[in-house]
Structures are given as structure tokens and as C-alpha cells.
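This report refers to the structure that appears directly beneath it.
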Amino acid sequence: MASGYRILFGDIHNHNACGYGVGSMERSIEIARSHLDFFAFTGHSSWHDMVPMEGGREQHWIKGFEKLRDAWPNVQDLIAGANDDDRFSAFLGFEWHSSHFGDQCVVFPDDHQPIAYAQDVGELRAFCREKQALMIPHHLGYPQGRRGVNWEIFDEACTPVVEIFSEHGNSEHDRGPFDFFNHSMGGRQTAQTVRHALRQGRRFGFCASSDSHNGFPGAYGEGLIAVLSERLDRPAIIEAINARRTYAITGDRIEVDFTVGGAVMGASIDAGREVEVAYDVRGRDELDVVEVVQDGEVVHRSFPGNSFAAPGALGDTFQVRLEWGWGPWGDLALERVCDWQFDVAVADGRIARAFPCLQSGPFDPDRRHRIAQRSERELSVRSYTSRRGAYRLNPNQSLVLELEGGAETQLTLTLAEPAAQTVTVSAAELLAGSHNSFTGPFPKESWQWHRIVPRSASALSDRCTLPVPQDRPGHVYLRVRQMNGHVAWISPVFLNYR
């Protein structure tokens with residue numbers, strides 16, 4: 001990256017059976033270590049202004065809070081033991097519910113900390129300031145008074161970033177993709193959104209996290225936070241979040257360098273009458289558009305200038321996605337869990353990097369996804385899929401390979417489960433179109449090599465010059481959208497903020 005930072009990917013809001021989710025604490029840590037750089041466990045702790053519910057349903061939450069309280073000594077020890085500097089970082093945390101003040105995720109920089117059973121947001125904020133803990137509002141877009149964000153009590157102290165996306169949906173504004181429907185609290189309210197709060201002059205960066213209740217940190221499609229960090233350790237990650245060097249992604253690990261007036265994402269700068277915006281984006285799929293948003297309005301758009309049919313379009317670095325799953329659906333009463341085991345071998349080329357895209361469902365306490373790169377030309381996968389319990393009804397798992405090679409590069413997939421198959425396909429063939437295969441007659445599961453994405457289609461660098469209003473503070477942020485629908489929201493740079 002031009003800015004000199006490392007991009008780290010994590011999930012700082014997720015749940016398991018130490019609360020009212022499922023799955024052990026040990027399982028959460030194991031899954032997080034397998035495909036993330038860092039995570040924070042944020043168990044459900046309390047809801048001081050909860051009202052009685054029909055049929056006594058409030059007991060579901062109350063029992064969850066009791067589970068976390070009883071498990072807390074062990075949770076603290078497990079998180080403390082999970083850290084491994086320069087390899088993986090684990091943070092202790094909890095989620096504080098409030099109908100009036102909005103839900104808040106508390107993330108500690110240090111181990112062995114108490115839960116705060118605060119009765120109002122001022123008490124919680126004082127606790128977080130004392131502990132130097134993060135205090136991050138969650139599912140912003142729900143109505144105020146129904147656990148949505150309460151912007152009236154927003155304070156930058158302890159809250160450098162807000163959760164713009166999670167498995168609930170997208171809180172950037174009240175239109176666009178990823179509407180709120182995964183839970184039952186209602187749709188997005190205009191006054192609760194990020195766009196509205198930024199226009200009111202509030203200052204914060206963007207993050208996303210899964211809020212997975214399946215004990216699956218980093219669940220694909222449910223939200224991840226990216227940080228620009230100097231190192232992979234807890235002090236550096238906390239410093240990056242406090243500096244707002246963060247961005248939110250829905251799932252695909254899009255890499256972004258973004259500056260305004262030479263300052264990186266999250267900064268506050270004094271600007272004259274104009275400012276230069278520069279960005280460098282590396283997607284995990286074909287890019288659709290990169291948009292510069294100034295004070296709530298799209299002021300500049302960039303599009304990849306590629307032609308797949310052009311000679312040499314492949315280049316010497318390209319990406320390809322392998323996806324597996326599908327299978328019978330519930331309407332046939334044939335839902336099942338399918339186990340997968342296969343190897344991928346590359347000839348006349350090499351695997352530069354592999355990006356896992358692992359869904360949280362179905363919940364299984366014993367099964368694990370294992371992606372092991374044995375060499376620069378071989379990797380092995382153990383996995384499982386099912387339409388049962390799939391997030392937003394997508395049961396599939398996938399893996400994006402960044403390859404170095406050319407048209408002659410060959411990919412061989414050797415499948416052992418759920419059926420024995422060996423298929424070889426060339427990069428030239430995949431540039432022309434996808435390769436789809438089934439593991440048996442209808443309605444058996446299937447797998448697919450997606451059409452190759454040349455670097456020219458997944459990478460984009462651009463710059464533009466924007467006028468700066470002199471009568472008010474402003475902000476500029478970046479929004480990236482891929483053709484497959486995945487999105488990144490890059491924290492704003494704030495102009496002339498006082």
C-alpha cells in the first residue's frame with residue numbers, strides 16, 4: 001500500500017452460547033484463528049430498559065445474560081490465551097442492550113476486565129473511558145427507542161467508529177442494497193442512518209462486523225472490519241481503530257488505499273478551496289463502480305476499463321473463484337448437510353494468495369472448514385454446506401485464488417467427497433466462461449469455477465479534485481461495489497472540522 005500500512009481483516013462483534021447464541025467459546029476462537037487476523041468476542045450482557053414481552057419471551061434474553069455472567073471468568077482466560085503477536089489478536093468484549101440509547105459493543109484493549117452493568121449511557125461511557133475501551137453502536141438504522149442508534153447522545157469519546165453494516169443490513173442510508181430484514185425490529189429509518197449523522201456534523205469512521213449468533217466470527221457476507229495497522233498486535237489494532245483508519249466490507253476482502261489531500265482514511269485536515277482525492281482499489285471480483293461521496297452526494301465515479309475479449313486481457317496476475325454447495329432445498333424436504341473434501345493443483349502457474357469466503361451456516365458444533373495451502377501450487381479443502389440455516393438463503397462456500405501465470409495455466413480439482421471427480425480446466429477456458437459441474441443427478445450438490453477476473457477488471461486507481469465549501473465542515477468517503485454485489489465503505493476524511 002502507498003500509505004505503508006498493513007490491511008488486517010477482523011470481526012469485533014459476534015456471539016456464541018456464552019449469551020443467547022450457539023457454539024462454544026473454544027469453537028469461536030478456533031474458527032476466528034482459521035481465517036481472520038483478529039476478532040473480539042462481545043457476549044450479550046444486559047438490557048436495563050427491556051420491557052416485558054408476550055408470552056414471557058424476555059426470558060430468552062435474561063437467560064442469555066446469565067450464561068455470559070457465569071462463563072465470564074473462563075471467557076477472560078480463553079481470550080487472553082488466544083493471542084499470538086504477528087499471527088492473531090483476540091479481544092475481550094460484551095454487548096450492552098438499550099432500547100433508548102441503542103445497543104453498544106464494548107471492546108477492551110486489555111485482558112481480564114469486568115462487565116459493566118450500566119443503567120444509562122453516561123455510566124457506560126464513563127466506564128469505557130476509564131478502561132480505554134471502544135464503545136461501538138450497532139444496527140444503527142433501526143428506529144430510536146427500538147434499539148437503533150441514538151445520535152442525540154453520540155460522543156466521539158470511546159466511539160471513533162460506528163457499525164455501518166452487519167448481518168442485520170446496511171445503515172449507510174435508507175435506500176440501496178442490504179435492507180434490514182434479518183431480524184424482526186423493522187426497516188431503516190432515515191434519521192438513524194450514517195448519511196444523516198454525517199450531515200449533522202458528527203465525526204466517526206466506518207466498521208462492519210457479523211453479529212453472528214452461530215459462534216462463527218468472520219461469517220462471509222455478514223460483515224468484516226478492515227484496519228490499516230502498523231503491526232498485527234492488539235495495541236496497533238486499537239490505535240488504528242481510534243484513528244479511524246478503518247473500512248467496512250460485506251464479505252469479499254477488498255483492499256483499498258484512500259487519501260484526501262494526502263491524508264489517509266479517518267483523518268481530519270484543514271483544507272483550502274479544493275482538495276485532491278486519490279484511491280487504489282484491489283477487488284476480489286470484477287469491480288462495478290468506485291464512488292467518491294462528498295457531504296452525502298456522489299461527486300465522482302470510476303469504472304474499470306477492461307475488455308475480456310481483447311488479446312492479452314488475462315495478464316500475468318488474475319483471480320478465479322471456486323464455489324461449492326447448492327443442493328436440495330427445503331421445499332423438497334431434502335435439506336441435508338453435505339461434506340466436501342477436495343484438492344486444487346495449479347500447473348504452469350502459482351497460487352499467490354487464497355481468500356476464504358466462509359458462510360456461518362449450517363451451525364454444526366463439530367464440523368470445521370479447513371483450507372490449507374500446502375505449497376505455491378497446491379491447496380486442500382475440507383468443508384460442508386447446507387441450505388438449512390443458511391444466511392439470507394445462500395448455502396454456498398467459496399474461495400478466491402489470486403494466481404500468477406497465463407493462458408496456459410491449468411487448474412485441476414480432485415474431489416473425494418461428496419463424489420469422486422477429477423476435472424482440469426485452463427485459464428484460457430475460464431477467461432471465456434465459467435465451468436460448472438454436478439456431483440450427481442438432480443438434486444445433488446454442485447460446484448463451479450467462476451469466470452476468471454483479470455487484474456484490469458478487479459483493480460482500479462484514480463484521482464479527482466473536489467471544491468471545498470468554505471462555510472461549513474465537510475467530509476469525503478469512498479464506496480466500492482463489485483459486480484457480485486459485495487461492497488466496501490471507506491471511512492471519511494473530515495475537512496475543516498472544528
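Quick note on naming: the chains in the C-alpha cells go A, B, ... in the order shown, residues restart at 1 in each chain, and ligands are numbered from 1 in order of appearance.
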(message) Need the shell around region 119-127 of chain A: protein/DNA/RNA residues with any atom at most 12 Å away, counting only C-alpha atoms. Skip same-chain ones fewer than 4 positions apart. Format as number ranges by chain?
(response) A: 46-50, 94-108, 113-115, 131-137, 149-159
Written selection (N, CA and C atoms) as a compact mmCIF listing (two decimals), in the first residue's frame:
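Result written to result-v6.txt:
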```txt
# COMPACT_ATOMS: atom_id res chain seq x y z
N SER A 46 -26.54 -7.40 29.08
CA SER A 46 -27.64 -6.84 29.87
C SER A 46 -28.55 -6.01 28.98
N TRP A 47 -29.73 -5.71 29.51
CA TRP A 47 -30.71 -4.86 28.82
C TRP A 47 -31.52 -4.18 29.91
N HIS A 48 -31.04 -3.03 30.38
CA HIS A 48 -31.60 -2.42 31.59
C HIS A 48 -33.01 -1.87 31.38
N ASP A 49 -33.36 -1.48 30.12
CA ASP A 49 -34.69 -0.91 29.88
C ASP A 49 -35.57 -1.83 29.02
N MET A 50 -35.35 -3.11 29.15
CA MET A 50 -36.18 -4.09 28.44
C MET A 50 -37.58 -4.10 29.05
N PHE A 94 -18.16 -7.13 25.35
CA PHE A 94 -19.54 -7.50 25.64
C PHE A 94 -20.46 -6.53 24.90
N GLU A 95 -21.72 -6.94 24.73
CA GLU A 95 -22.72 -6.08 24.09
C GLU A 95 -23.76 -5.66 25.12
N TRP A 96 -23.95 -4.36 25.22
CA TRP A 96 -24.89 -3.74 26.16
C TRP A 96 -26.11 -3.32 25.38
N HIS A 97 -27.28 -3.88 25.70
CA HIS A 97 -28.52 -3.53 25.02
C HIS A 97 -29.18 -2.33 25.70
N SER A 98 -29.82 -1.49 24.87
CA SER A 98 -30.66 -0.43 25.40
C SER A 98 -31.67 -0.02 24.36
N SER A 99 -32.94 -0.04 24.73
CA SER A 99 -33.98 0.43 23.82
C SER A 99 -33.81 1.91 23.52
N HIS A 100 -33.55 2.71 24.53
CA HIS A 100 -33.50 4.16 24.38
C HIS A 100 -32.16 4.65 23.83
N PHE A 101 -31.06 4.12 24.35
CA PHE A 101 -29.74 4.62 23.97
C PHE A 101 -29.13 3.89 22.78
N GLY A 102 -29.72 2.78 22.40
CA GLY A 102 -29.16 1.98 21.31
C GLY A 102 -28.13 0.99 21.82
N ASP A 103 -28.03 -0.15 21.15
CA ASP A 103 -27.08 -1.18 21.57
C ASP A 103 -25.64 -0.71 21.34
N GLN A 104 -24.75 -1.11 22.26
CA GLN A 104 -23.34 -0.71 22.19
C GLN A 104 -22.47 -1.94 22.40
N CYS A 105 -21.46 -2.09 21.54
CA CYS A 105 -20.47 -3.15 21.72
C CYS A 105 -19.23 -2.55 22.38
N VAL A 106 -18.86 -3.10 23.51
CA VAL A 106 -17.68 -2.65 24.26
C VAL A 106 -16.53 -3.62 23.97
N VAL A 107 -15.39 -3.07 23.56
CA VAL A 107 -14.22 -3.88 23.24
C VAL A 107 -13.04 -3.36 24.06
N PHE A 108 -12.45 -4.24 24.88
CA PHE A 108 -11.35 -3.85 25.76
C PHE A 108 -10.00 -3.98 25.04
N GLN A 113 -11.08 -8.12 32.27
CA GLN A 113 -11.82 -6.92 32.60
C GLN A 113 -13.24 -7.30 33.03
N PRO A 114 -13.89 -6.45 33.83
CA PRO A 114 -15.25 -6.75 34.29
C PRO A 114 -16.30 -6.31 33.28
N ILE A 115 -17.49 -6.88 33.39
CA ILE A 115 -18.65 -6.41 32.63
C ILE A 115 -19.25 -5.22 33.37
N LYS A 131 -11.52 2.45 31.20
CA LYS A 131 -10.84 1.24 30.73
C LYS A 131 -10.18 1.44 29.36
N GLN A 132 -10.32 2.65 28.77
CA GLN A 132 -9.81 2.94 27.42
C GLN A 132 -10.38 1.94 26.41
N ALA A 133 -11.64 1.59 26.63
CA ALA A 133 -12.32 0.61 25.78
C ALA A 133 -13.08 1.30 24.66
N LEU A 134 -13.26 0.59 23.56
CA LEU A 134 -14.09 1.06 22.47
C LEU A 134 -15.56 0.87 22.84
N MET A 135 -16.42 1.75 22.34
CA MET A 135 -17.86 1.68 22.58
C MET A 135 -18.53 1.97 21.23
N ILE A 136 -18.98 0.90 20.56
CA ILE A 136 -19.37 0.99 19.16
C ILE A 136 -20.87 0.73 19.02
N PRO A 137 -21.64 1.71 18.54
CA PRO A 137 -23.08 1.48 18.34
C PRO A 137 -23.34 0.51 17.19
N VAL A 149 -29.60 3.36 16.82
CA VAL A 149 -28.67 4.33 17.38
C VAL A 149 -29.42 5.57 17.87
N ASN A 150 -28.93 6.15 18.95
CA ASN A 150 -29.46 7.41 19.46
C ASN A 150 -28.39 8.47 19.21
N TRP A 151 -28.52 9.18 18.08
CA TRP A 151 -27.50 10.17 17.71
C TRP A 151 -27.48 11.35 18.69
N GLU A 152 -28.55 11.56 19.44
CA GLU A 152 -28.59 12.69 20.37
C GLU A 152 -27.55 12.54 21.47
N ILE A 153 -27.21 11.29 21.80
CA ILE A 153 -26.24 11.08 22.88
C ILE A 153 -24.88 10.66 22.34
N PHE A 154 -24.69 10.74 21.01
CA PHE A 154 -23.41 10.35 20.41
C PHE A 154 -22.28 11.24 20.93
N ASP A 155 -21.15 10.61 21.23
CA ASP A 155 -19.97 11.32 21.71
C ASP A 155 -18.75 10.61 21.12
N GLU A 156 -17.83 11.37 20.56
CA GLU A 156 -16.63 10.76 19.98
C GLU A 156 -15.81 10.01 21.02
N ALA A 157 -15.92 10.40 22.28
CA ALA A 157 -15.17 9.73 23.32
C ALA A 157 -15.53 8.25 23.34
N CYS A 158 -14.58 7.42 23.12
CA CYS A 158 -14.72 5.96 23.10
C CYS A 158 -15.39 5.44 21.83
N THR A 159 -15.89 6.33 20.97
CA THR A 159 -16.64 5.88 19.80
C THR A 159 -16.03 6.48 18.53
```
(message) What parts of region 67-188 of chain A does DSSP call strand (DSSP E or B)? I'd like the answer as an MDAnalysis selection string.
(response) chainID A and resid 84 88:97 104:107 134:137 161:166 169:170
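For region 372-383 of chain A, the set of protein, DNA and RNA residues having any atom at most 8 Å away, when counting only C-alpha atoms and skipping those fewer than 6 positions along the same chain, is Asp339, Trp340, Gln341, Phe342, Asp343, Val344, Ala345, Val346, Ala347, Gly349, Arg350, Ile351 and Ala352 of chain A.
Distances to Val293 (chain A) were evaluated for A:Ser398, A:Thr409, A:Ser491, A:Gln76 using only C-alpha atoms, and the minimum falls at A:Ser491.
Omitting region 186-192 of chain A and its sequence neighbours fewer than 4 positions away, and counting only C-alpha atoms, the residues within 8 Å are Leu140, Gly141, Tyr142, Pro143, Gln144, Gly148, Val149, Asn150, Trp151, Ser171, His173, Asp174, Asp179, Phe180, Phe181, His196 and Ala197 of chain A.
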(request) Just the residues within 9 Å of region 273-288 of chain A, please, counting only C-alpha atoms, with nothing from its chain fewer than 3 positions along; format it as a ChimeraX atom specification. (result) /A:1-2,252-262,292,302-304,319-321,355,400-402,452-470,476,478,480-486
Within 10 Å of region 222-231 of chain A: each region 78-115 of chain A residue with its shortest pair, only C-alpha atoms, as a tab-separated table:
```
residue	atom	partner	partner_atom	distance
A:Asp85	CA	A:Arg231	CA	8.7
A:Asp86	CA	A:Arg231	CA	6.9
A:Arg87	CA	A:Arg231	CA	9.9
```
